[in-house]
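Below is the file work11.cif, which contains mmCIF, C-alpha atoms.
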```cif
data_coords
loop_
_atom_site.label_atom_id
_atom_site.label_comp_id
_atom_site.auth_asym_id
_atom_site.auth_seq_id
_atom_site.Cartn_x
_atom_site.Cartn_y
_atom_site.Cartn_z
CA GLU A 186 -27.35 -5.00 25.40
CA ALA A 187 -30.11 -4.53 22.89
CA ALA A 188 -29.59 -1.73 20.40
CA VAL A 189 -32.14 0.74 19.06
CA THR A 190 -30.85 3.55 16.90
CA GLN A 191 -32.84 6.62 15.98
CA SER A 192 -32.09 9.20 13.33
CA PRO A 193 -31.82 12.10 13.29
CA ARG A 194 -30.97 12.95 16.90
CA SER A 195 -32.52 16.37 16.46
CA LYS A 196 -34.42 18.17 13.74
CA VAL A 197 -35.90 21.55 13.05
CA ALA A 198 -38.87 21.50 10.69
CA VAL A 199 -41.17 24.13 9.26
CA THR A 200 -44.89 24.12 9.82
CA GLY A 201 -46.62 22.23 7.03
CA GLY A 202 -43.50 20.36 6.00
CA LYS A 203 -43.00 16.60 5.93
CA VAL A 204 -40.88 14.95 8.59
CA THR A 205 -39.67 11.37 8.74
CA LEU A 206 -38.13 9.91 11.87
CA SER A 207 -36.29 6.63 11.49
CA CYS A 208 -35.65 3.80 13.89
CA HIS A 209 -33.48 0.71 13.46
CA GLN A 210 -33.12 -2.18 15.89
CA THR A 211 -30.67 -5.05 15.91
CA ASN A 212 -32.41 -7.00 18.67
CA ASN A 213 -34.45 -9.29 16.48
CA HIS A 214 -37.53 -8.08 18.35
CA ASP A 215 -40.97 -8.37 16.84
CA TYR A 216 -42.48 -5.39 18.63
CA MET A 217 -41.62 -1.77 17.94
CA TYR A 218 -43.12 1.42 19.26
CA TRP A 219 -43.12 5.17 18.81
CA TYR A 220 -43.69 7.33 21.88
CA ARG A 221 -43.65 11.06 22.30
CA GLN A 222 -42.51 12.76 25.47
CA ASP A 223 -43.84 16.09 26.66
CA THR A 224 -43.38 17.70 30.02
CA GLY A 225 -46.36 16.90 32.20
CA HIS A 226 -47.61 14.11 29.93
CA GLY A 227 -44.96 11.49 30.31
CA LEU A 228 -44.60 9.05 27.43
CA ARG A 229 -47.58 8.63 25.13
CA LEU A 230 -47.90 5.90 22.51
CA ILE A 231 -48.35 7.08 18.92
CA HIS A 232 -48.07 3.90 16.82
CA TYR A 233 -46.76 0.40 17.31
CA SER A 234 -46.11 -2.71 15.28
CA TYR A 235 -45.79 -6.39 16.08
CA VAL A 236 -44.89 -7.64 12.63
CA ALA A 237 -43.31 -6.28 9.49
CA ASP A 238 -45.66 -4.59 7.01
CA SER A 239 -48.26 -3.96 9.71
CA THR A 240 -48.78 -1.04 12.07
CA GLU A 241 -51.34 -0.25 14.75
CA LYS A 242 -52.62 3.00 16.19
CA GLY A 243 -51.64 3.88 19.69
CA ASP A 244 -53.26 6.39 22.01
CA ILE A 245 -52.45 9.59 20.09
CA PRO A 246 -52.14 8.67 16.37
CA ASP A 247 -53.70 11.78 14.85
CA GLY A 248 -51.28 13.64 12.61
CA TYR A 249 -48.85 10.72 12.42
CA LYS A 250 -48.31 7.76 10.14
CA ALA A 251 -46.03 4.79 10.69
CA SER A 252 -44.25 2.37 8.42
CA ARG A 253 -42.65 -0.99 9.24
CA PRO A 254 -41.02 -2.22 6.02
CA SER A 255 -38.91 -4.85 7.80
CA GLN A 256 -38.48 -6.31 11.26
CA GLU A 257 -35.53 -4.00 11.87
CA ASN A 258 -36.95 -0.68 10.68
CA PHE A 259 -39.84 1.42 11.92
CA SER A 260 -40.48 4.99 10.73
CA LEU A 261 -42.71 7.75 11.99
CA ILE A 262 -44.03 10.18 9.40
CA LEU A 263 -45.48 13.61 9.95
CA GLU A 264 -47.04 14.56 6.60
CA LEU A 265 -47.90 18.12 7.64
CA ALA A 266 -45.88 19.08 10.68
CA SER A 267 -47.53 21.40 13.19
CA LEU A 268 -46.28 23.44 16.12
CA SER A 269 -48.03 21.07 18.54
CA GLN A 270 -45.82 18.23 17.34
CA THR A 271 -42.73 19.77 18.88
CA ALA A 272 -41.59 17.10 21.34
CA VAL A 273 -39.02 14.40 21.96
CA TYR A 274 -39.81 11.18 20.14
CA PHE A 275 -38.64 7.79 21.37
CA CYS A 276 -38.56 4.57 19.46
CA ALA A 277 -38.50 1.31 21.38
CA SER A 278 -38.44 -2.41 20.73
CA SER A 279 -39.56 -5.35 22.81
CA PRO A 280 -39.28 -9.13 22.51
CA GLY A 281 -42.90 -9.79 23.42
CA HIS A 282 -45.88 -9.36 25.66
CA ASN A 283 -45.21 -7.83 29.04
CA GLU A 284 -41.50 -7.63 28.37
CA ARG A 285 -39.25 -4.63 28.93
CA LEU A 286 -38.91 -1.95 26.29
CA PHE A 287 -35.49 -1.07 24.90
CA PHE A 288 -35.47 2.60 23.98
CA GLY A 289 -33.46 4.57 21.48
CA HIS A 290 -31.84 7.85 22.54
CA GLY A 291 -34.68 9.93 21.22
CA THR A 292 -35.18 12.55 18.52
CA LYS A 293 -35.77 16.13 19.56
CA LEU A 294 -38.13 17.66 17.00
CA SER A 295 -38.77 21.39 16.89
CA VAL A 296 -41.47 22.61 14.51
CA LEU A 297 -41.26 26.32 13.79
CA GLY O 213 -59.02 1.89 29.35
CA ASP O 214 -55.84 1.39 31.33
CA SER O 215 -54.33 4.24 33.32
CA VAL O 216 -51.38 4.94 35.60
CA THR O 217 -51.29 7.73 38.15
CA GLN O 218 -48.18 9.25 39.64
CA THR O 219 -49.21 11.93 42.08
CA GLU O 220 -45.90 13.70 42.58
CA GLY O 221 -44.47 15.75 39.76
CA LEU O 222 -41.34 16.72 41.66
CA VAL O 223 -39.71 15.28 44.75
CA THR O 224 -36.70 17.03 46.29
CA LEU O 225 -34.66 15.27 48.97
CA THR O 226 -31.35 15.52 50.74
CA LYS O 227 -28.79 12.79 50.08
CA GLY O 228 -29.08 9.87 52.47
CA LEU O 229 -32.81 10.19 53.14
CA PRO O 230 -35.41 7.57 52.20
CA VAL O 231 -37.79 8.11 49.30
CA MET O 232 -41.11 6.70 48.13
CA LEU O 233 -42.55 7.55 44.72
CA ASN O 234 -46.22 6.76 44.37
CA CYS O 235 -47.79 4.75 41.58
CA THR O 236 -51.38 3.52 41.31
CA TYR O 237 -53.04 1.96 38.31
CA GLN O 238 -56.36 0.96 36.81
CA THR O 239 -56.92 -2.04 34.60
CA THR O 240 -59.48 -4.77 34.22
CA TYR O 241 -56.84 -7.36 33.38
CA SER O 242 -53.98 -9.04 35.21
CA PRO O 243 -51.29 -6.36 35.41
CA PHE O 244 -47.56 -6.25 34.80
CA LEU O 245 -46.03 -3.17 36.43
CA PHE O 246 -42.75 -1.51 35.57
CA TRP O 247 -40.58 1.33 36.82
CA TYR O 248 -38.39 3.06 34.25
CA VAL O 249 -35.71 5.64 35.05
CA GLN O 250 -34.57 8.38 32.69
CA HIS O 251 -31.45 10.37 33.47
CA LEU O 252 -30.97 13.76 31.87
CA ASN O 253 -30.61 13.56 28.08
CA GLU O 254 -30.72 9.77 28.13
CA ALA O 255 -33.23 7.14 27.08
CA PRO O 256 -35.57 5.56 29.65
CA LYS O 257 -34.25 2.30 31.06
CA LEU O 258 -35.98 -0.46 32.99
CA LEU O 259 -35.47 -0.31 36.75
CA LEU O 260 -37.98 -2.84 38.11
CA LYS O 261 -40.69 -5.16 36.87
CA SER O 262 -43.32 -7.24 38.67
CA SER O 263 -46.50 -9.19 38.14
CA THR O 264 -46.57 -11.12 41.40
CA ASP O 265 -48.88 -9.91 44.11
CA ASN O 266 -47.31 -8.96 47.44
CA LYS O 267 -43.77 -9.87 46.37
CA ARG O 268 -40.96 -7.34 46.81
CA THR O 269 -38.81 -6.74 43.73
CA GLU O 270 -35.39 -5.10 44.08
CA HIS O 271 -32.72 -3.67 41.79
CA GLN O 272 -29.86 -1.22 42.34
CA GLY O 273 -31.07 -0.39 45.84
CA PHE O 274 -34.59 0.42 44.70
CA TYR O 275 -37.51 -1.80 45.58
CA ALA O 276 -41.24 -2.04 44.99
CA THR O 277 -44.08 -4.38 45.91
CA LEU O 278 -47.12 -4.93 43.72
CA HIS O 279 -50.29 -4.77 45.79
CA LYS O 280 -53.25 -5.80 43.66
CA SER O 281 -55.69 -5.12 46.49
CA SER O 282 -54.83 -1.43 46.40
CA SER O 283 -53.68 -1.28 42.75
CA SER O 284 -50.34 0.15 43.79
CA PHE O 285 -46.67 -0.28 42.91
CA HIS O 286 -44.77 2.36 44.86
CA LEU O 287 -41.02 2.76 44.33
CA GLN O 288 -38.82 3.06 47.41
CA LYS O 289 -35.19 3.44 48.36
CA SER O 290 -33.82 3.61 51.89
CA SER O 291 -31.03 6.11 51.20
CA VAL O 292 -30.97 8.24 48.05
CA GLN O 293 -27.75 9.27 46.33
CA LEU O 294 -26.93 12.23 44.09
CA SER O 295 -26.83 9.86 41.11
CA ASP O 296 -30.48 8.95 41.73
CA SER O 297 -31.57 12.35 40.44
CA ALA O 298 -33.66 11.47 37.39
CA LEU O 299 -37.17 11.16 35.99
CA TYR O 300 -39.01 8.04 37.12
CA PHE O 301 -41.93 6.54 35.20
CA CYS O 302 -44.36 3.92 36.37
CA ALA O 303 -45.87 1.85 33.56
CA LEU O 304 -48.54 -0.82 33.11
CA SER O 305 -48.93 -3.71 30.71
CA ASN O 306 -51.89 -6.08 30.73
CA MET O 307 -51.32 -8.89 28.26
CA GLY O 308 -51.46 -6.47 25.38
CA TYR O 309 -48.74 -5.20 23.11
CA LYS O 310 -48.43 -1.78 24.61
CA LEU O 311 -47.20 -0.12 27.77
CA THR O 312 -49.17 2.69 29.41
CA PHE O 313 -46.97 5.19 31.23
CA GLY O 314 -47.67 7.57 34.08
CA THR O 315 -46.75 11.23 33.79
CA GLY O 316 -43.47 10.72 35.63
CA THR O 317 -41.91 11.98 38.86
CA SER O 318 -38.74 14.04 38.84
CA LEU O 319 -36.45 13.19 41.75
CA LEU O 320 -33.86 15.80 42.70
CA VAL O 321 -31.30 14.85 45.34
CA ASP O 322 -29.43 17.67 47.08
CA PRO O 323 -25.96 17.24 48.61
#
```
Any chance you could put this one into C-alpha coordinates?
Amino acid sequence: EAAVTQSPRSKVAVTGGKVTLSCHQTNNHDYMYWYRQDTGHGLRLIHYSYVADSTEKGDIPDGYKASRPSQENFSLILELASLSQTAVYFCASSPGHNERLFFGHGTKLSVL
Amino acid sequence: GDSVTQTEGLVTLTKGLPVMLNCTYQTTYSPFLFWYVQHLNEAPKLLLKSSTDNKRTEHQGFYATLHKSSSSFHLQKSSVQLSDSALYFCALSNMGYKLTFGTGTSLLVDP
(Lines of atoms letter the chains of each structure in order from A and count residues from 1; the text may use other names and numbers.)
(Lines give C-alpha, C1' and ligand atoms only; values in the text may rest on other atoms or scores of the structure.)
Protein backbone atom coordinates (compact mmCIF):
# COMPACT_ATOMS: atom_id res chain seq x y z
CA GLU A 1 0.00 0.00 0.00
CA ALA A 2 1.26 3.40 -0.97
CA ALA A 3 2.30 5.64 1.90
CA VAL A 4 1.73 9.37 2.31
CA THR A 5 2.67 10.90 5.62
CA GLN A 6 1.61 14.34 6.77
CA SER A 7 2.94 16.37 9.66
CA PRO A 8 1.76 17.68 11.97
CA ARG A 9 -1.52 15.80 12.47
CA SER A 10 -3.04 18.88 14.06
CA LYS A 11 -1.96 22.45 14.67
CA VAL A 12 -3.24 25.57 16.32
CA ALA A 13 -1.92 28.78 14.80
CA VAL A 14 -2.42 32.46 15.51
CA THR A 15 -3.83 34.86 12.99
CA GLY A 16 -1.02 36.45 10.99
CA GLY A 17 1.47 33.73 11.84
CA LYS A 18 3.31 31.48 9.41
CA VAL A 19 2.28 27.86 9.07
CA THR A 20 4.04 25.08 7.19
CA LEU A 21 2.37 21.76 6.53
CA SER A 22 4.60 18.93 5.38
CA CYS A 23 3.95 15.89 3.26
CA HIS A 24 6.23 12.95 2.48
CA GLN A 25 5.50 10.07 0.12
CA THR A 26 7.37 6.84 -0.40
CA ASN A 27 5.41 5.78 -3.49
CA ASN A 28 7.81 7.11 -6.09
CA HIS A 29 4.89 9.05 -7.55
CA ASP A 30 5.46 12.08 -9.72
CA TYR A 31 2.23 13.86 -8.84
CA MET A 32 1.44 15.42 -5.49
CA TYR A 33 -1.49 17.51 -4.36
CA TRP A 34 -2.76 19.64 -1.51
CA TYR A 35 -6.50 19.71 -0.88
CA ARG A 36 -8.50 21.40 1.81
CA GLN A 37 -11.70 19.96 3.20
CA ASP A 38 -14.53 22.05 4.56
CA THR A 39 -18.02 20.97 5.42
CA GLY A 40 -20.29 21.67 2.47
CA HIS A 41 -17.41 22.21 0.04
CA GLY A 42 -15.92 18.79 -0.24
CA LEU A 43 -12.27 18.63 -1.26
CA ARG A 44 -10.84 21.64 -3.07
CA LEU A 45 -7.47 21.71 -4.79
CA ILE A 46 -5.00 24.32 -3.53
CA HIS A 47 -1.72 23.48 -5.29
CA TYR A 48 -0.27 20.52 -7.11
CA SER A 49 3.02 19.41 -8.59
CA TYR A 50 4.04 16.92 -11.24
CA VAL A 51 7.78 17.25 -10.93
CA ALA A 52 10.29 18.30 -8.30
CA ASP A 53 11.09 22.02 -8.12
CA SER A 54 7.84 22.94 -9.85
CA THR A 55 4.38 23.69 -8.49
CA GLU A 56 1.08 24.67 -10.08
CA LYS A 57 -1.91 26.59 -8.79
CA GLY A 58 -5.07 24.67 -8.17
CA ASP A 59 -8.58 26.04 -7.81
CA ILE A 60 -8.14 28.00 -4.58
CA PRO A 61 -4.45 29.06 -4.34
CA ASP A 62 -4.91 32.49 -2.77
CA GLY A 63 -3.20 32.76 0.59
CA TYR A 64 -1.13 29.61 0.06
CA LYS A 65 2.27 28.78 -1.34
CA ALA A 66 3.68 25.36 -2.15
CA SER A 67 7.15 23.91 -2.35
CA ARG A 68 8.33 20.66 -3.93
CA PRO A 69 12.06 20.37 -3.17
CA SER A 70 12.21 16.67 -4.07
CA GLN A 71 9.98 13.98 -5.53
CA GLU A 72 9.17 12.76 -2.02
CA ASN A 73 8.37 16.04 -0.28
CA PHE A 74 5.65 18.62 -0.84
CA SER A 75 4.95 21.46 1.59
CA LEU A 76 2.08 23.88 1.94
CA ILE A 77 2.91 27.29 3.36
CA LEU A 78 0.56 29.83 4.84
CA GLU A 79 2.63 33.02 5.16
CA LEU A 80 -0.05 34.97 7.02
CA ALA A 81 -2.59 32.58 8.47
CA SER A 82 -6.19 33.77 8.63
CA LEU A 83 -9.30 32.54 10.39
CA SER A 84 -10.78 31.45 7.05
CA GLN A 85 -7.94 28.96 6.62
CA THR A 86 -9.18 26.81 9.47
CA ALA A 87 -9.83 23.47 7.78
CA VAL A 88 -8.53 19.94 7.35
CA TYR A 89 -5.74 19.72 4.80
CA PHE A 90 -5.01 16.56 2.84
CA CYS A 91 -1.91 15.75 0.88
CA ALA A 92 -2.11 13.13 -1.85
CA SER A 93 0.11 11.49 -4.42
CA SER A 94 -0.67 9.81 -7.71
CA PRO A 95 1.34 7.80 -10.25
CA GLY A 96 -0.06 9.65 -13.26
CA HIS A 97 -2.92 10.95 -15.31
CA ASN A 98 -6.35 9.66 -14.38
CA GLU A 99 -4.93 7.41 -11.69
CA ARG A 100 -6.17 7.07 -8.13
CA LEU A 101 -5.00 9.44 -5.44
CA PHE A 102 -3.34 8.10 -2.31
CA PHE A 103 -4.16 10.40 0.58
CA GLY A 104 -2.38 11.14 3.81
CA HIS A 105 -4.33 11.16 7.08
CA GLY A 106 -4.84 14.89 7.02
CA THR A 107 -3.79 17.86 9.13
CA LYS A 108 -6.41 19.63 11.18
CA LEU A 109 -5.47 23.32 11.26
CA SER A 110 -7.19 25.74 13.61
CA VAL A 111 -6.35 29.42 13.21
CA LEU A 112 -7.32 31.52 16.21
CA GLY B 1 -14.35 24.41 -16.26
CA ASP B 2 -15.05 20.94 -14.93
CA SER B 3 -17.65 20.38 -12.23
CA VAL B 4 -19.18 17.54 -10.24
CA THR B 5 -22.60 17.71 -8.61
CA GLN B 6 -23.77 15.55 -5.75
CA THR B 7 -27.31 16.52 -4.91
CA GLU B 8 -27.70 14.81 -1.54
CA GLY B 9 -25.82 16.17 1.42
CA LEU B 10 -27.10 13.52 3.81
CA VAL B 11 -28.73 10.16 3.23
CA THR B 12 -30.07 8.17 6.18
CA LEU B 13 -31.09 4.54 5.70
CA THR B 14 -31.90 1.46 7.71
CA LYS B 15 -29.49 -1.47 7.48
CA GLY B 16 -30.33 -3.89 4.69
CA LEU B 17 -31.98 -1.36 2.38
CA PRO B 18 -30.66 -0.39 -1.06
CA VAL B 19 -29.00 2.96 -1.67
CA MET B 20 -28.19 5.17 -4.63
CA LEU B 21 -25.99 8.25 -4.30
CA ASN B 22 -26.25 10.64 -7.20
CA CYS B 23 -23.36 12.05 -9.18
CA THR B 24 -23.47 14.13 -12.36
CA TYR B 25 -20.62 15.93 -14.02
CA GLN B 26 -19.71 18.51 -16.63
CA THR B 27 -16.62 18.41 -18.78
CA THR B 28 -15.73 19.03 -22.38
CA TYR B 29 -13.19 16.20 -22.42
CA SER B 30 -13.32 12.43 -22.14
CA PRO B 31 -14.00 11.78 -18.46
CA PHE B 32 -12.60 9.45 -15.84
CA LEU B 33 -14.98 9.16 -12.88
CA PHE B 34 -14.15 8.05 -9.37
CA TRP B 35 -15.94 7.36 -6.10
CA TYR B 36 -13.94 7.89 -2.92
CA VAL B 37 -15.10 6.91 0.57
CA GLN B 38 -14.00 8.61 3.77
CA HIS B 39 -14.77 7.02 7.12
CA LEU B 40 -14.78 9.17 10.23
CA ASN B 41 -11.33 10.59 11.03
CA GLU B 42 -9.73 8.71 8.17
CA ALA B 43 -8.28 9.65 4.79
CA PRO B 44 -10.38 9.31 1.62
CA LYS B 45 -9.83 6.03 -0.19
CA LEU B 46 -10.70 4.95 -3.70
CA LEU B 47 -13.88 2.89 -3.98
CA LEU B 48 -14.56 2.76 -7.73
CA LYS B 49 -13.14 4.09 -10.96
CA SER B 50 -14.43 4.06 -14.54
CA SER B 51 -13.90 5.61 -17.95
CA THR B 52 -15.88 3.12 -20.03
CA ASP B 53 -19.32 4.13 -21.15
CA ASN B 54 -22.22 1.92 -20.06
CA LYS B 55 -20.02 -0.59 -18.23
CA ARG B 56 -20.81 -1.51 -14.63
CA THR B 57 -17.88 -1.30 -12.20
CA GLU B 58 -18.06 -3.08 -8.84
CA HIS B 59 -16.05 -3.18 -5.62
CA GLN B 60 -16.89 -4.24 -2.06
CA GLY B 61 -20.58 -4.59 -2.90
CA PHE B 62 -20.83 -1.11 -4.37
CA TYR B 63 -21.34 -0.57 -8.07
CA ALA B 64 -21.66 2.26 -10.57
CA THR B 65 -22.13 2.67 -14.31
CA LEU B 66 -20.75 5.60 -16.27
CA HIS B 67 -23.39 6.98 -18.60
CA LYS B 68 -21.85 9.59 -20.88
CA SER B 69 -25.20 10.35 -22.51
CA SER B 70 -26.54 11.67 -19.21
CA SER B 71 -23.17 12.64 -17.66
CA SER B 72 -23.86 10.49 -14.64
CA PHE B 73 -21.99 8.04 -12.40
CA HIS B 74 -24.37 7.12 -9.59
CA LEU B 75 -23.15 4.88 -6.76
CA GLN B 76 -25.39 2.00 -5.69
CA LYS B 77 -25.48 -0.86 -3.23
CA SER B 78 -28.24 -3.42 -2.89
CA SER B 79 -28.06 -3.81 0.90
CA VAL B 80 -26.28 -1.28 3.10
CA GLN B 81 -24.44 -2.26 6.28
CA LEU B 82 -23.62 -0.27 9.41
CA SER B 83 -19.98 -0.15 8.30
CA ASP B 84 -21.02 1.71 5.14
CA SER B 85 -21.68 4.84 7.18
CA ALA B 86 -19.19 7.32 5.75
CA LEU B 87 -18.72 10.35 3.51
CA TYR B 88 -18.78 9.54 -0.21
CA PHE B 89 -17.18 11.77 -2.84
CA CYS B 90 -17.64 11.62 -6.57
CA ALA B 91 -14.68 12.97 -8.54
CA LEU B 92 -13.79 13.72 -12.16
CA SER B 93 -10.53 13.66 -14.09
CA ASN B 94 -10.24 14.56 -17.75
CA MET B 95 -6.73 13.87 -18.99
CA GLY B 96 -5.35 16.57 -16.75
CA TYR B 97 -3.28 16.34 -13.62
CA LYS B 98 -6.00 17.16 -11.18
CA LEU B 99 -9.16 15.64 -9.77
CA THR B 100 -12.31 17.72 -9.28
CA PHE B 101 -14.43 16.57 -6.35
CA GLY B 102 -18.11 16.95 -5.60
CA THR B 103 -19.25 18.30 -2.25
CA GLY B 104 -19.79 14.81 -0.85
CA THR B 105 -22.74 12.82 0.48
CA SER B 106 -22.84 11.61 4.07
CA LEU B 107 -24.41 8.16 4.37
CA LEU B 108 -25.73 7.18 7.80
CA VAL B 109 -26.94 3.62 8.27
CA ASP B 110 -29.23 2.91 11.23
CA PRO B 111 -29.48 -0.53 12.88
- Task: Decode the PyMOL selection byres ((chain O) within 9 of (chain A)) for the given file into explicit residues and return them as a PyMOL selection string.
- Result: chain O and resi 221+243-246+253-258+261+301+304-316
- Using only C-alpha atoms, pick whichever of A:Asn212, A:Thr190, A:Ser239, A:Ser278 has the shortest atom-to-atom distance to Ala251 (chain A). A:Ser239
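With only C-alpha atoms as the atoms that count, the residue of O:Leu225, O:Pro230, O:Ser215, O:Gln272 with the shortest distance to Ser291 (chain O) is O:Pro230.
CA of Glu220 (chain O) is found 18.9 Å from CA of Leu260 (chain O).
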- I need the residue set behind the PyMOL selection byres ((chain O and resi 268) around 12) for this file; please write it as an MDAnalysis selection string. chainID O and resid 260:267 269:271 274:279 285:288
Dump of C-alpha atoms for the selected residues, as a short mmCIF file (atom, residue, chain, number, x, y, z; two decimals), in the coordinates of the input:
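The new file out00.cif reads:
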```
data_model
loop_
_atom_site.label_atom_id
_atom_site.label_comp_id
_atom_site.auth_asym_id
_atom_site.auth_seq_id
_atom_site.Cartn_x
_atom_site.Cartn_y
_atom_site.Cartn_z
CA LEU O 260 -37.98 -2.84 38.11
CA LYS O 261 -40.69 -5.16 36.87
CA SER O 262 -43.32 -7.24 38.67
CA SER O 263 -46.50 -9.19 38.14
CA THR O 264 -46.57 -11.12 41.40
CA ASP O 265 -48.88 -9.91 44.11
CA ASN O 266 -47.31 -8.96 47.44
CA LYS O 267 -43.77 -9.87 46.37
CA THR O 269 -38.81 -6.74 43.73
CA GLU O 270 -35.39 -5.10 44.08
CA HIS O 271 -32.72 -3.67 41.79
CA PHE O 274 -34.59 0.42 44.70
CA TYR O 275 -37.51 -1.80 45.58
CA ALA O 276 -41.24 -2.04 44.99
CA THR O 277 -44.08 -4.38 45.91
CA LEU O 278 -47.12 -4.93 43.72
CA HIS O 279 -50.29 -4.77 45.79
CA PHE O 285 -46.67 -0.28 42.91
CA HIS O 286 -44.77 2.36 44.86
CA LEU O 287 -41.02 2.76 44.33
CA GLN O 288 -38.82 3.06 47.41
#
```
- Point-to-point distance in Å for CA of Cys302 (chain O) and CA of Thr224 (chain O):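 One can read the CA of Thr224 (chain O) to CA of Cys302 (chain O) distance as 18.1 Å.
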- Message: If we count only C-alpha atoms and set the cut-off at 8 Å, which residues sit around Asn258 (chain A), ignoring sequence neighbours fewer than 2 positions away in its own chain? Please answer as a list in words.
- Response: Ser207, Cys208, His209, Gln210, Arg253, Pro254, Ser255, Gln256 and Ser260 of chain A
- For CA of Gln270 (chain A) and CA of Arg221 (chain A), determine how far apart the two atoms are, in Å to one decimal place.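 Pair CA of Gln270 (chain A) / CA of Arg221 (chain A) returns 9.0 Å.
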